[in-house]
$ cat input15.cif   # mmCIF, C-alpha atoms
data_data
loop_
_atom_site.group_PDB
_atom_site.id
_atom_site.type_symbol
_atom_site.label_atom_id
_atom_site.label_comp_id
_atom_site.auth_asym_id
_atom_site.auth_seq_id
_atom_site.Cartn_x
_atom_site.Cartn_y
_atom_site.Cartn_z
ATOM 1 C CA MET A 255 1.098 9.446 16.896
ATOM 2 C CA SER A 256 3.397 6.763 18.309
ATOM 3 C CA LEU A 257 6.760 5.848 16.814
ATOM 4 C CA PHE A 258 5.474 2.318 16.238
ATOM 5 C CA ALA A 259 2.552 3.693 14.231
ATOM 6 C CA VAL A 260 4.946 5.682 12.041
ATOM 7 C CA PHE A 261 7.009 2.570 11.282
ATOM 8 C CA TYR A 262 3.815 0.606 10.674
ATOM 9 C CA MET A 263 2.678 3.260 8.200
ATOM 10 C CA ILE A 264 5.972 2.850 6.341
ATOM 11 C CA PHE A 265 5.387 -0.910 6.319
ATOM 12 C CA ALA A 266 1.871 -0.375 4.899
ATOM 13 C CA TYR A 267 3.306 1.902 2.222
ATOM 14 C CA LEU A 268 5.849 -0.755 1.225
ATOM 15 C CA ILE A 269 3.123 -3.410 1.043
ATOM 16 C CA GLY A 270 1.072 -1.054 -1.083
ATOM 17 C CA SER A 271 4.072 -0.524 -3.361
ATOM 18 C CA ILE A 272 3.927 -4.144 -4.561
ATOM 19 C CA SER A 273 2.295 -3.786 -7.985
ATOM 20 C CA SER A 274 0.235 -6.912 -8.513
ATOM 21 C CA ALA A 275 -0.824 -5.733 -11.989
ATOM 22 C CA ILE A 276 2.774 -5.743 -13.214
ATOM 23 C CA LEU A 277 3.830 -8.951 -11.451
ATOM 24 C CA ILE A 278 0.728 -10.975 -12.338
ATOM 25 C CA SER A 279 0.849 -9.768 -15.945
ATOM 26 C CA ARG A 280 4.413 -11.069 -16.179
ATOM 27 C CA LEU A 281 3.401 -14.432 -14.729
ATOM 28 C CA ALA A 282 0.405 -14.674 -17.073
ATOM 29 C CA GLY A 283 2.417 -13.696 -20.142
ATOM 30 C CA LEU A 284 0.392 -10.530 -20.674
ATOM 31 C CA PRO A 285 1.711 -7.147 -21.849
ATOM 32 C CA ASP A 286 3.183 -4.792 -19.268
ATOM 33 C CA PRO A 287 0.162 -2.707 -18.150
ATOM 34 C CA ARG A 288 2.392 0.370 -17.967
ATOM 35 C CA THR A 289 3.004 0.288 -21.717
ATOM 36 C CA ALA A 290 -0.139 -1.423 -23.069
ATOM 37 C CA GLY A 291 -3.777 -0.423 -23.039
ATOM 38 C CA SER A 292 -4.389 2.678 -20.946
ATOM 39 C CA GLY A 293 -0.914 2.513 -19.407
ATOM 40 C CA ASN A 294 -2.384 2.216 -15.911
ATOM 41 C CA PRO A 295 -1.104 -0.696 -13.782
ATOM 42 C CA GLY A 296 -4.449 -1.779 -12.382
ATOM 43 C CA ALA A 297 -7.047 -4.529 -12.679
ATOM 44 C CA THR A 298 -9.118 -2.692 -15.310
ATOM 45 C CA ASN A 299 -6.166 -2.356 -17.650
ATOM 46 C CA VAL A 300 -5.116 -5.971 -17.120
ATOM 47 C CA LEU A 301 -8.653 -6.902 -18.190
ATOM 48 C CA ARG A 302 -8.316 -4.612 -21.188
ATOM 49 C CA ASN A 303 -5.080 -6.393 -22.124
ATOM 50 C CA GLY A 304 -6.843 -9.732 -22.336
ATOM 51 C CA GLY A 305 -6.519 -11.346 -18.926
ATOM 52 C CA LYS A 306 -9.863 -11.898 -17.184
ATOM 53 C CA TRP A 307 -8.521 -14.270 -14.537
ATOM 54 C CA ALA A 308 -5.365 -12.200 -14.170
ATOM 55 C CA ALA A 309 -7.495 -9.092 -13.646
ATOM 56 C CA ALA A 310 -9.495 -10.893 -10.951
ATOM 57 C CA ALA A 311 -6.256 -11.881 -9.198
ATOM 58 C CA VAL A 312 -4.985 -8.304 -9.396
ATOM 59 C CA LEU A 313 -8.250 -7.000 -7.950
ATOM 60 C CA LEU A 314 -8.105 -9.449 -5.030
ATOM 61 C CA PHE A 315 -4.426 -8.775 -4.288
ATOM 62 C CA ASP A 316 -4.899 -4.999 -4.408
ATOM 63 C CA MET A 317 -7.834 -5.185 -2.011
ATOM 64 C CA LEU A 318 -5.903 -7.384 0.418
ATOM 65 C CA LYS A 319 -2.837 -5.132 0.498
ATOM 66 C CA GLY A 320 -5.107 -2.355 1.736
ATOM 67 C CA MET A 321 -7.259 -4.485 4.018
ATOM 68 C CA LEU A 322 -4.678 -6.602 5.857
ATOM 69 C CA PRO A 323 -2.496 -3.765 7.265
ATOM 70 C CA VAL A 324 -5.586 -1.950 8.570
ATOM 71 C CA TRP A 325 -7.157 -5.112 9.973
ATOM 72 C CA ALA A 326 -3.929 -6.079 11.700
ATOM 73 C CA GLY A 327 -3.682 -2.539 13.058
ATOM 74 C CA TYR A 328 -6.848 -3.108 15.080
ATOM 75 C CA TYR A 329 -5.146 -5.969 16.916
ATOM 76 C CA LEU A 330 -2.010 -3.888 17.389
ATOM 77 C CA ASN A 331 -4.085 -1.323 19.308
ATOM 78 C CA LEU A 332 -3.521 1.550 16.912
ATOM 79 C CA THR A 333 -5.763 4.557 17.429
ATOM 80 C CA GLN A 334 -8.503 5.433 14.948
ATOM 81 C CA PHE A 335 -6.407 8.237 13.490
ATOM 82 C CA GLU A 336 -3.384 5.947 13.178
ATOM 83 C CA LEU A 337 -5.489 3.300 11.429
ATOM 84 C CA GLY A 338 -6.714 5.940 9.007
ATOM 85 C CA MET A 339 -3.144 6.976 8.281
ATOM 86 C CA VAL A 340 -2.202 3.327 7.693
ATOM 87 C CA ALA A 341 -5.021 3.095 5.134
ATOM 88 C CA LEU A 342 -3.745 6.255 3.452
ATOM 89 C CA ALA A 343 -0.168 4.911 3.448
ATOM 90 C CA ALA A 344 -1.227 1.675 1.733
ATOM 91 C CA CYS A 345 -3.084 3.664 -0.935
ATOM 92 C CA LEU A 346 -0.124 5.998 -1.443
ATOM 93 C CA GLY A 347 2.065 2.934 -1.922
ATOM 94 C CA HIS A 348 -0.261 1.643 -4.624
ATOM 95 C CA CYS A 349 -0.500 5.004 -6.392
ATOM 96 C CA PHE A 350 3.174 5.927 -6.006
ATOM 97 C CA PRO A 351 5.040 2.605 -5.592
ATOM 98 C CA LEU A 352 8.627 2.772 -4.401
ATOM 99 C CA PHE A 353 9.522 -0.404 -6.303
ATOM 100 C CA PHE A 354 8.171 0.752 -9.677
ATOM 101 C CA GLY A 355 9.394 4.304 -10.149
ATOM 102 C CA PHE A 356 6.508 5.858 -8.192
ATOM 103 C CA LYS A 357 4.149 5.222 -11.136
ATOM 104 C CA GLY A 358 1.229 3.146 -9.911
ATOM 105 C CA GLY A 359 -2.482 2.595 -10.322
ATOM 106 C CA LYS A 360 -5.559 4.597 -9.412
ATOM 107 C CA GLY A 361 -5.948 2.983 -5.976
ATOM 108 C CA VAL A 362 -9.641 2.057 -6.067
ATOM 109 C CA ALA A 363 -9.345 -1.592 -4.996
ATOM 110 C CA THR A 364 -6.675 -0.814 -2.393
ATOM 111 C CA ALA A 365 -8.776 1.996 -0.946
ATOM 112 C CA PHE A 366 -11.847 -0.241 -0.798
ATOM 113 C CA GLY A 367 -9.835 -2.904 1.013
ATOM 114 C CA ALA A 368 -8.366 -0.359 3.423
ATOM 115 C CA ILE A 369 -11.677 1.323 4.258
ATOM 116 C CA ALA A 370 -13.846 -1.828 4.408
ATOM 117 C CA PRO A 371 -12.640 -3.017 7.880
ATOM 118 C CA ILE A 372 -13.993 0.181 9.470
ATOM 119 C CA ALA A 373 -17.556 -1.174 9.449
ATOM 120 C CA TRP A 374 -19.682 -3.601 7.462
ATOM 121 C CA GLY A 375 -22.106 -0.779 6.783
ATOM 122 C CA VAL A 376 -19.356 1.298 5.199
ATOM 123 C CA ALA A 377 -18.149 -1.627 3.085
ATOM 124 C CA GLY A 378 -21.670 -2.438 1.904
ATOM 125 C CA SER A 379 -22.471 1.184 1.118
ATOM 126 C CA MET A 380 -19.251 1.583 -0.867
ATOM 127 C CA PHE A 381 -19.789 -1.546 -2.909
ATOM 128 C CA GLY A 382 -23.485 -0.810 -3.437
ATOM 129 C CA THR A 383 -22.771 2.717 -4.687
ATOM 130 C CA TRP A 384 -20.023 1.576 -7.051
ATOM 131 C CA LEU A 385 -22.153 -1.263 -8.421
ATOM 132 C CA LEU A 386 -25.265 0.908 -8.895
ATOM 133 C CA VAL A 387 -23.411 3.651 -10.773
ATOM 134 C CA PHE A 388 -21.552 1.067 -12.843
ATOM 135 C CA LEU A 389 -24.695 -0.832 -13.853
ATOM 136 C CA ILE A 390 -26.399 2.417 -14.843
ATOM 137 C CA SER A 391 -23.486 4.074 -16.645
ATOM 138 C CA GLY A 392 -21.034 1.329 -17.617
ATOM 139 C CA TYR A 393 -18.165 3.604 -16.586
ATOM 140 C CA SER A 394 -15.763 2.141 -14.032
ATOM 141 C CA SER A 395 -14.096 5.519 -13.530
ATOM 142 C CA LEU A 396 -17.378 7.358 -12.911
ATOM 143 C CA SER A 397 -18.372 4.685 -10.399
ATOM 144 C CA ALA A 398 -15.075 5.149 -8.552
ATOM 145 C CA VAL A 399 -15.285 8.957 -8.485
ATOM 146 C CA LEU A 400 -18.902 9.140 -7.298
ATOM 147 C CA THR A 401 -18.246 6.471 -4.678
ATOM 148 C CA ALA A 402 -15.184 8.386 -3.443
ATOM 149 C CA LEU A 403 -17.310 11.521 -3.085
ATOM 150 C CA LEU A 404 -19.909 9.678 -0.982
ATOM 151 C CA VAL A 405 -17.686 7.449 1.175
ATOM 152 C CA PRO A 406 -16.794 10.188 3.732
ATOM 153 C CA LEU A 407 -20.535 10.611 4.328
ATOM 154 C CA TYR A 408 -20.976 6.870 4.868
ATOM 155 C CA VAL A 409 -18.054 6.814 7.272
ATOM 156 C CA TYR A 410 -19.450 9.823 9.149
ATOM 157 C CA LEU A 411 -22.761 8.001 9.597
ATOM 158 C CA PHE A 412 -21.235 4.713 10.795
ATOM 159 C CA LYS A 413 -17.843 5.588 12.356
ATOM 160 C CA PRO A 414 -17.422 9.402 12.451
ATOM 161 C CA GLU A 415 -14.000 9.219 14.111
ATOM 162 C CA PHE A 416 -12.558 7.902 10.831
ATOM 163 C CA THR A 417 -14.041 10.638 8.635
ATOM 164 C CA PHE A 418 -10.939 12.824 8.246
ATOM 165 C CA PRO A 419 -8.388 10.146 7.243
ATOM 166 C CA VAL A 420 -10.939 8.442 4.972
ATOM 167 C CA ALA A 421 -11.658 11.798 3.323
ATOM 168 C CA LEU A 422 -7.919 12.101 2.604
ATOM 169 C CA VAL A 423 -7.959 8.681 0.931
ATOM 170 C CA CYS A 424 -10.965 9.707 -1.159
ATOM 171 C CA CYS A 425 -9.284 12.960 -2.203
ATOM 172 C CA LEU A 426 -6.324 10.879 -3.396
ATOM 173 C CA LEU A 427 -8.665 8.667 -5.435
ATOM 174 C CA ILE A 428 -10.360 11.627 -7.084
ATOM 175 C CA TYR A 429 -6.992 13.201 -7.880
ATOM 176 C CA ARG A 430 -5.785 9.965 -9.461
ATOM 177 C CA HIS A 431 -8.867 9.992 -11.697
ATOM 178 C CA HIS A 432 -8.463 13.562 -12.944
ATOM 179 C CA GLU A 433 -7.685 12.400 -16.492
ATOM 180 C CA ASN A 434 -10.720 10.094 -16.475
ATOM 181 C CA ILE A 435 -12.879 12.986 -15.262
ATOM 182 C CA GLN A 436 -11.691 15.103 -18.185
ATOM 183 C CA ARG A 437 -12.448 12.288 -20.655
ATOM 184 C CA LEU A 438 -15.892 11.803 -19.103
ATOM 185 C CA TRP A 439 -16.568 15.511 -19.487
ATOM 186 C CA ARG A 440 -15.537 15.371 -23.160
ATOM 187 C CA GLY A 441 -17.474 12.143 -23.771
ATOM 188 C CA GLN A 442 -14.273 10.247 -24.615
ATOM 189 C CA GLU A 443 -14.168 7.752 -21.747
ATOM 190 C CA GLY A 444 -14.589 4.079 -22.700
ATOM 191 C CA LYS A 445 -17.243 1.943 -21.068
ATOM 192 C CA MET A 446 -16.410 -1.351 -19.401
ATOM 193 C CA TRP A 447 -18.982 -3.114 -21.603
ATOM 194 C CA ASP A 448 -16.860 -2.231 -24.622
ATOM 195 C CA LYS A 449 -13.864 -4.035 -23.079
ATOM 196 C CA PHE A 450 -15.907 -7.212 -22.683
ATOM 197 C CA LYS A 451 -17.227 -7.029 -26.236
ATOM 198 C CA LYS A 452 -13.677 -7.065 -27.520
ATOM 199 C CA LYS A 453 -12.812 -10.290 -25.700
#

$ encode --input "input15.cif" --output "C-alpha cells"
Amino acid sequence: MSLFAVFYMIFAYLIGSISSAILISRLAGLPDPRTAGSGNPGATNVLRNGGKWAAAAVLLFDMLKGMLPVWAGYYLNLTQFELGMVALAACLGHCFPLFFGFKGGKGVATAFGAIAPIAWGVAGSMFGTWLLVFLISGYSSLSAVLTALLVPLYVYLFKPEFTFPVALVCCLLIYRHHENIQRLWRGQEGKMWDKFKKK
C-alpha cells in the first residue's frame, strides 16, 4: 500500500467522522439524536425524532461521504485493495467519529455509498435486497443485516477483487447492529411502519 493511499484513508476517515445526523438535527431544531429516540446518530433516529426531511438529508449526506472518497480514488489510480480500505475508513469514521467522541451511527448509508461505485450490479443488488426485506418485514435493522450478509457474494459475482475489503465493511455493519439483532431475537425491535404511524 502506498504512502499516499494511507494518507487518503485518513482523509476518508475524517470525512466519515462528520456526523450529519447531529449537525442537521441542530440546524433543523430537532433533539440531539445521541440523547433522544434510540440514541443512535443516524437517519432512522432523526426520522424517529420527527424530522422527515432532515432524515432524508442525513441519508443523502451519509451516502455521499462514503461514495465520494471511493469514486475519487478511482481517478487517483488507487488499487482495488486500497479503494476497499478507503471504503472501510469512511465507514469507520461514521461509526467511530473523531469529532464526536468516537460514538457514531450504524454505518448503513455510508457503507452503501462506499460500496456502490464498485459496480452498478452490486449497487442494484444491495438496494434490491434491502428494499425486499424491508417491505416484507418492516424492520430496517433486519434489512441492513441480511443485506450485509449477502453483499460479499454480490461483490464476488461482479468484482471479485473487492470481496475481502467489502467483507470487512459488512462485518463492521453486522457488529454495529448486534443490539438490534438481540432485540429482533427477543421480538422487541420496532418496525419502521410504527415510526411513520406516530408522525

$ atom_distance --input "input15.cif" --atom1 "CA of Leu314 in chain A" --atom2 "CA of Gly296 in chain A"
11.2 Å

$ residues_around --input "input15.cif" --residues "Leu422 in chain A" --least-positions-apart "3" --cutoff "12 Å" --atoms "all atoms listed in the file" --output "CSV table (one decimal) with C-alpha atoms, in the coordinates of the input"
chain,number,residue,atom,x,y,z
A,335,PHE,CA,-6.4,8.2,13.5
A,338,GLY,CA,-6.7,5.9,9.0
A,339,MET,CA,-3.1,7.0,8.3
A,340,VAL,CA,-2.2,3.3,7.7
A,341,ALA,CA,-5.0,3.1,5.1
A,342,LEU,CA,-3.7,6.3,3.5
A,343,ALA,CA,-0.2,4.9,3.4
A,345,CYS,CA,-3.1,3.7,-0.9
A,346,LEU,CA,-0.1,6.0,-1.4
A,365,ALA,CA,-8.8,2.0,-0.9
A,369,ILE,CA,-11.7,1.3,4.3
A,402,ALA,CA,-15.2,8.4,-3.4
A,403,LEU,CA,-17.3,11.5,-3.1
A,405,VAL,CA,-17.7,7.4,1.2
A,406,PRO,CA,-16.8,10.2,3.7
A,416,PHE,CA,-12.6,7.9,10.8
A,417,THR,CA,-14.0,10.6,8.6
A,418,PHE,CA,-10.9,12.8,8.2
A,419,PRO,CA,-8.4,10.1,7.2
A,425,CYS,CA,-9.3,13.0,-2.2
A,426,LEU,CA,-6.3,10.9,-3.4
A,427,LEU,CA,-8.7,8.7,-5.4
A,428,ILE,CA,-10.4,11.6,-7.1
A,429,TYR,CA,-7.0,13.2,-7.9

$ residues_around --input "input15.cif" --residues "range 259-264 of chain A" --least-positions-apart "2" --cutoff "12 Å" --atoms "all atoms listed in the file" --output "count of residues only"
35

$ resolve_selection --input "input15.cif" --expression "the PyMOL selection byres ((chain A and resi 312) around 8)" --output "mmCIF file with C-alpha atoms, in the frame of the given file"
data_model
loop_
_atom_site.group_PDB
_atom_site.id
_atom_site.type_symbol
_atom_site.label_atom_id
_atom_site.label_comp_id
_atom_site.auth_asym_id
_atom_site.auth_seq_id
_atom_site.Cartn_x
_atom_site.Cartn_y
_atom_site.Cartn_z
ATOM 1 C CA SER A 274 0.235 -6.912 -8.513
ATOM 2 C CA ALA A 275 -0.824 -5.733 -11.989
ATOM 3 C CA ILE A 278 0.728 -10.975 -12.338
ATOM 4 C CA GLY A 296 -4.449 -1.779 -12.382
ATOM 5 C CA ALA A 297 -7.047 -4.529 -12.679
ATOM 6 C CA ALA A 308 -5.365 -12.200 -14.170
ATOM 7 C CA ALA A 309 -7.495 -9.092 -13.646
ATOM 8 C CA ALA A 310 -9.495 -10.893 -10.951
ATOM 9 C CA ALA A 311 -6.256 -11.881 -9.198
ATOM 10 C CA LEU A 313 -8.250 -7.000 -7.950
ATOM 11 C CA LEU A 314 -8.105 -9.449 -5.030
ATOM 12 C CA PHE A 315 -4.426 -8.775 -4.288
ATOM 13 C CA ASP A 316 -4.899 -4.999 -4.408
#

$ residues_near_point --input "input15.cif" --point "(-6.5, 7.2, -9.3)" --cutoff "6 Å" --atoms "only C-alpha atoms" --output "PyMOL selection string"
chain A and resi 360-361+427+430-431

$ resolve_selection --input "input15.cif" --expression "the PyMOL selection byres ((chain A and resi 288) around 12)" --output "list of chain:residue names"
A:Ser273, A:Ala275, A:Ile276, A:Leu277, A:Ser279, A:Arg280, A:Leu284, A:Pro285, A:Asp286, A:Pro287, A:Thr289, A:Ala290, A:Gly291, A:Ser292, A:Gly293, A:Asn294, A:Pro295, A:Gly296, A:Ala297, A:Asn299, A:Val300, A:Asn303, A:Phe354, A:Gly355, A:Phe356, A:Lys357, A:Gly358, A:Gly359

$ resolve_selection --input "input15.cif" --expression "the PyMOL selection byres ((chain A and resi 383) around 9)" --output "PyMOL selection string"
chain A and resi 378-382+384-388+397-398+400-401+404

$ atom_distance --input "input15.cif" --atom1 "CA of Ser395 in chain A" --atom2 "CA of Ala368 in chain A"
18.8 Å

$ atom_distance --input "input15.cif" --atom1 "CA of Leu396 in chain A" --atom2 "CA of Ile435 in chain A"
7.6 Å

$ closest_residue --input "input15.cif" --among "A:Leu322, A:Leu438, A:Met317, A:Cys424" --to "His348 in chain A" --atoms "all atoms listed in the file"
A:Met317

$ closest_residue --input "input15.cif" --among "A:Phe265, A:Tyr408, A:Phe258, A:Trp307" --to "Lys319 in chain A" --atoms "all atoms listed in the file"
A:Phe265

$ closest_residue --input "input15.cif" --among "A:Gly375, A:Pro414, A:Lys445, A:Trp325" --to "Ile390 in chain A" --atoms "only C-alpha atoms"
A:Lys445

$ residues_around --input "input15.cif" --residues "Glu443 in chain A" --least-positions-apart "6" --cutoff "8 Å" --atoms "only C-alpha atoms" --output "ChimeraX atom specification"
/A:393,434,437
